Amino acid sequence: MKHFKTLLVAAVITLGMSTMAQAQKVAHINFEEIVSQMPETLKLQEDLEKLGKTYGEEITNAQKQLKAKIEKYTAEEISQTAAQNEARIKEVQVDQSKIQQLQQVAQQELQQKEKAALDPIIKKAQDAIKAVAKTKGITYVLDSKALIVSEGEDLAPAVKTSLGIQ
C-alpha cells in the first residue's frame, strides 16, 4: 500500500509537470531588427550622423591648419635657428596631440550619446514585446538570431504593429 501511494504521487507529479510544459507557449522575434526599424532609432542615427559630420569637419579643419603650419615651418626651416626649429617641432607635436585628443573625445561623446538615447528605445521595444506576448498567452520569447530552428510563432509582425513600424 505504501508503494502504491508513492507510485501514485510520482505519477501525479509527472503528469502535472508534462501538462504544465505543454501549456507554456514559446515564440521568437528578431529583437535587433525591431529596434533598428523603430522611428526613434532612425532619428537617433540621423542625429548621430549630423553630430559626427560636425566633429569630422572640426577635425578636418584642424588637420588642414596643421598641414599649412608644417608646410610653412618646413619652408622657413633654413632661415631659422636650431632652437627656433626645435620649438616649432614641439609646437607641431602639441598640435598633433590636440587633434588626436579631439578625435578621441568626439568618438567617446558619440558613443555616450548613442547609449543614453538607445536605452529608452530598447526598453520601449522590450515593453511592446512583453505586452504582445502577454496578449497572446506566450510564456517565453526567444531572440530568433540564437535559434537553429524557429518554427514557433514569430511575434515581429504584432510587435511592429504595436510600435507603429511598417
# chains A, B, ... in the order shown; residues from 1 in each chain; ligands from 1
call {"tool": "residues_around", "arguments": {"residues": "stretch 55-60 of chain A", "least_positions_apart": "2", "cutoff": "9 Å", "atoms": "only C-alpha atoms", "output": "PyMOL selection string"}}
result
chain A and resi 50-53+62-65+99-100+102-103+106-107
call {"tool": "write_last_selection", "arguments": {"atoms": "C-alpha atoms", "output": "mmCIF file, in the first residue's frame"}}
result
data_model
loop_
_atom_site.group_PDB
_atom_site.id
_atom_site.type_symbol
_atom_site.label_atom_id
_atom_site.label_comp_id
_atom_site.auth_asym_id
_atom_site.auth_seq_id
_atom_site.Cartn_x
_atom_site.Cartn_y
_atom_site.Cartn_z
ATOM 1 C CA LYS A 50 24.933 65.039 -38.123
ATOM 2 C CA LEU A 51 26.985 65.272 -34.940
ATOM 3 C CA GLY A 52 29.645 63.011 -36.460
ATOM 4 C CA LYS A 53 29.854 65.254 -39.530
ATOM 5 C CA ALA A 62 42.389 71.353 -37.541
ATOM 6 C CA GLN A 63 44.332 68.915 -39.731
ATOM 7 C CA LYS A 64 44.385 71.410 -42.633
ATOM 8 C CA GLN A 65 45.673 74.137 -40.327
ATOM 9 C CA ILE A 99 43.923 66.646 -32.862
ATOM 10 C CA GLN A 100 44.221 63.080 -31.566
ATOM 11 C CA LEU A 102 39.765 65.799 -30.247
ATOM 12 C CA GLN A 103 39.193 62.599 -32.235
ATOM 13 C CA ALA A 106 34.405 63.034 -30.378
ATOM 14 C CA GLN A 107 34.259 59.248 -30.551
#
call {"tool": "residues_around", "arguments": {"residues": "stretch 27-35 of chain A", "least_positions_apart": "2", "cutoff": "9 Å", "atoms": "only C-alpha atoms", "output": "ChimeraX atom specification"}}
result
/A:25,37-41,121-122,125-126,129,133,138-145,147,150-156,159-160,165
call {"tool": "write_last_selection", "arguments": {"atoms": "N, CA and C atoms", "output": "CSV table (one decimal), in the first residue's frame"}}
result
chain,number,residue,atom,x,y,z
A,25,LYS,N,3.7,28.4,-24.0
A,25,LYS,CA,3.9,28.8,-25.4
A,25,LYS,C,5.2,29.5,-25.5
A,37,GLN,N,14.4,49.2,-36.7
A,37,GLN,CA,13.3,49.8,-37.5
A,37,GLN,C,12.4,50.8,-36.8
A,38,MET,N,12.7,50.9,-35.5
A,38,MET,CA,11.8,51.9,-34.8
A,38,MET,C,12.1,53.3,-35.2
A,39,PRO,N,11.1,54.2,-35.3
A,39,PRO,CA,11.3,55.6,-35.7
A,39,PRO,C,12.3,56.3,-34.8
A,40,GLU,N,12.3,56.0,-33.5
A,40,GLU,CA,13.2,56.6,-32.6
A,40,GLU,C,14.7,56.3,-32.9
A,41,THR,N,14.9,55.0,-33.3
A,41,THR,CA,16.3,54.6,-33.7
A,41,THR,C,16.7,55.3,-35.0
A,121,ILE,N,14.9,53.4,-25.9
A,121,ILE,CA,14.3,52.8,-27.1
A,121,ILE,C,14.2,51.3,-26.9
A,122,ILE,N,15.3,50.7,-26.4
A,122,ILE,CA,15.3,49.3,-26.1
A,122,ILE,C,14.3,48.9,-25.1
A,125,ALA,N,10.9,48.8,-26.8
A,125,ALA,CA,10.8,47.6,-27.6
A,125,ALA,C,10.5,46.4,-26.7
A,126,GLN,N,11.2,46.3,-25.6
A,126,GLN,CA,11.0,45.2,-24.7
A,126,GLN,C,9.6,45.2,-24.1
A,129,ILE,N,7.1,44.0,-26.7
A,129,ILE,CA,7.2,42.5,-26.8
A,129,ILE,C,6.5,41.8,-25.7
A,133,ALA,N,3.3,39.5,-26.1
A,133,ALA,CA,3.4,38.1,-25.6
A,133,ALA,C,2.3,37.8,-24.5
A,138,ILE,N,1.8,34.0,-24.4
A,138,ILE,CA,3.1,33.4,-24.6
A,138,ILE,C,4.0,33.5,-23.4
A,139,THR,N,4.6,32.4,-23.0
A,139,THR,CA,5.4,32.4,-21.8
A,139,THR,C,6.8,32.8,-22.0
A,140,TYR,N,7.4,32.3,-23.1
A,140,TYR,CA,8.8,32.6,-23.4
A,140,TYR,C,8.9,33.2,-24.8
A,141,VAL,N,9.7,34.2,-24.9
A,141,VAL,CA,10.0,34.8,-26.2
A,141,VAL,C,11.6,34.8,-26.4
A,142,LEU,N,12.0,34.1,-27.4
A,142,LEU,CA,13.4,34.0,-27.7
A,142,LEU,C,13.9,34.8,-28.8
A,143,ASP,N,15.1,35.3,-28.8
A,143,ASP,CA,15.7,36.0,-29.9
A,143,ASP,C,15.9,35.1,-31.1
A,144,SER,N,15.4,35.3,-32.3
A,144,SER,CA,15.5,34.4,-33.4
A,144,SER,C,16.9,34.2,-33.9
A,145,LYS,N,17.8,35.2,-33.6
A,145,LYS,CA,19.2,35.1,-34.0
A,145,LYS,C,19.9,33.9,-33.4
A,147,LEU,N,18.4,31.1,-32.5
A,147,LEU,CA,17.7,29.8,-32.8
A,147,LEU,C,18.2,29.1,-34.0
A,150,SER,N,13.3,27.7,-36.0
A,150,SER,CA,12.4,28.7,-35.4
A,150,SER,C,11.0,28.4,-36.1
A,151,GLU,N,10.4,27.4,-35.6
A,151,GLU,CA,9.1,27.0,-36.2
A,151,GLU,C,7.9,27.6,-35.3
A,152,GLY,N,8.3,28.2,-34.2
A,152,GLY,CA,7.2,28.7,-33.3
A,152,GLY,C,6.7,30.0,-33.9
A,153,GLU,N,5.9,30.7,-33.2
A,153,GLU,CA,5.2,31.9,-33.6
A,153,GLU,C,6.2,33.0,-33.7
A,154,ASP,N,6.2,33.8,-34.7
A,154,ASP,CA,7.1,35.0,-34.9
A,154,ASP,C,6.3,36.2,-34.4
A,155,LEU,N,6.7,36.8,-33.4
A,155,LEU,CA,6.0,38.0,-32.8
A,155,LEU,C,6.3,39.3,-33.6
A,156,ALA,N,7.2,39.3,-34.5
A,156,ALA,CA,7.7,40.5,-35.1
A,156,ALA,C,6.5,41.3,-35.8
A,159,VAL,N,4.4,43.0,-32.9
A,159,VAL,CA,5.2,44.0,-32.2
A,159,VAL,C,5.4,45.2,-33.1
A,160,LYS,N,5.7,45.0,-34.4
A,160,LYS,CA,5.9,46.1,-35.3
A,160,LYS,C,4.6,46.9,-35.4
A,165,ILE,N,5.5,50.5,-36.6
A,165,ILE,CA,6.5,50.3,-37.7
A,165,ILE,C,5.8,49.6,-38.8
call {"tool": "select_by_dssp", "arguments": {"residues": "chain A", "states": "helix (DSSP H, G or I)", "output": "ChimeraX atom specification"}}
result
/A:2-23,31-37,39-79,82-136,144-146,156-163
call {"tool": "closest_residue", "arguments": {"among": "A:Ala75, A:Val26, A:Val105, A:Ile70", "to": "A:Val92", "atoms": "only C-alpha atoms"}}
result
A:Ile70
call {"tool": "closest_residue", "arguments": {"among": "A:Leu66, A:Gln84, A:Gln93, A:Lys136", "to": "A:Gln24", "atoms": "only C-alpha atoms"}}
result
A:Lys136
call {"tool": "closest_residue", "arguments": {"among": "A:Ala116, A:Val149, A:Val94, A:Leu163", "to": "A:Ala128", "atoms": "only C-alpha atoms"}}
result
A:Leu163
call {"tool": "select_by_dssp", "arguments": {"residues": "stretch 33-154 of chain A", "states": "strand (DSSP E)", "output": "ChimeraX atom specification"}}
result
/A:140-143,153-154
call {"tool": "closest_residue", "arguments": {"among": "A:Lys69, A:Lys124, A:Ser162, A:Glu46", "to": "A:Glu91", "atoms": "only C-alpha atoms"}}
result
A:Lys69
call {"tool": "atom_distance", "arguments": {"atom1": "atom CA of A:Asn61", "atom2": "atom CA of A:Tyr73"}}
result
18.2 Å
call {"tool": "closest_residue", "arguments": {"among": "A:Lys67, A:Gln108, A:Ala146, A:Leu42", "to": "A:Asp95", "atoms": "only C-alpha atoms"}}
result
A:Lys67
call {"tool": "atom_distance", "arguments": {"atom1": "atom CA of A:Ser97", "atom2": "atom CA of A:Gln80"}}
result
23.9 Å
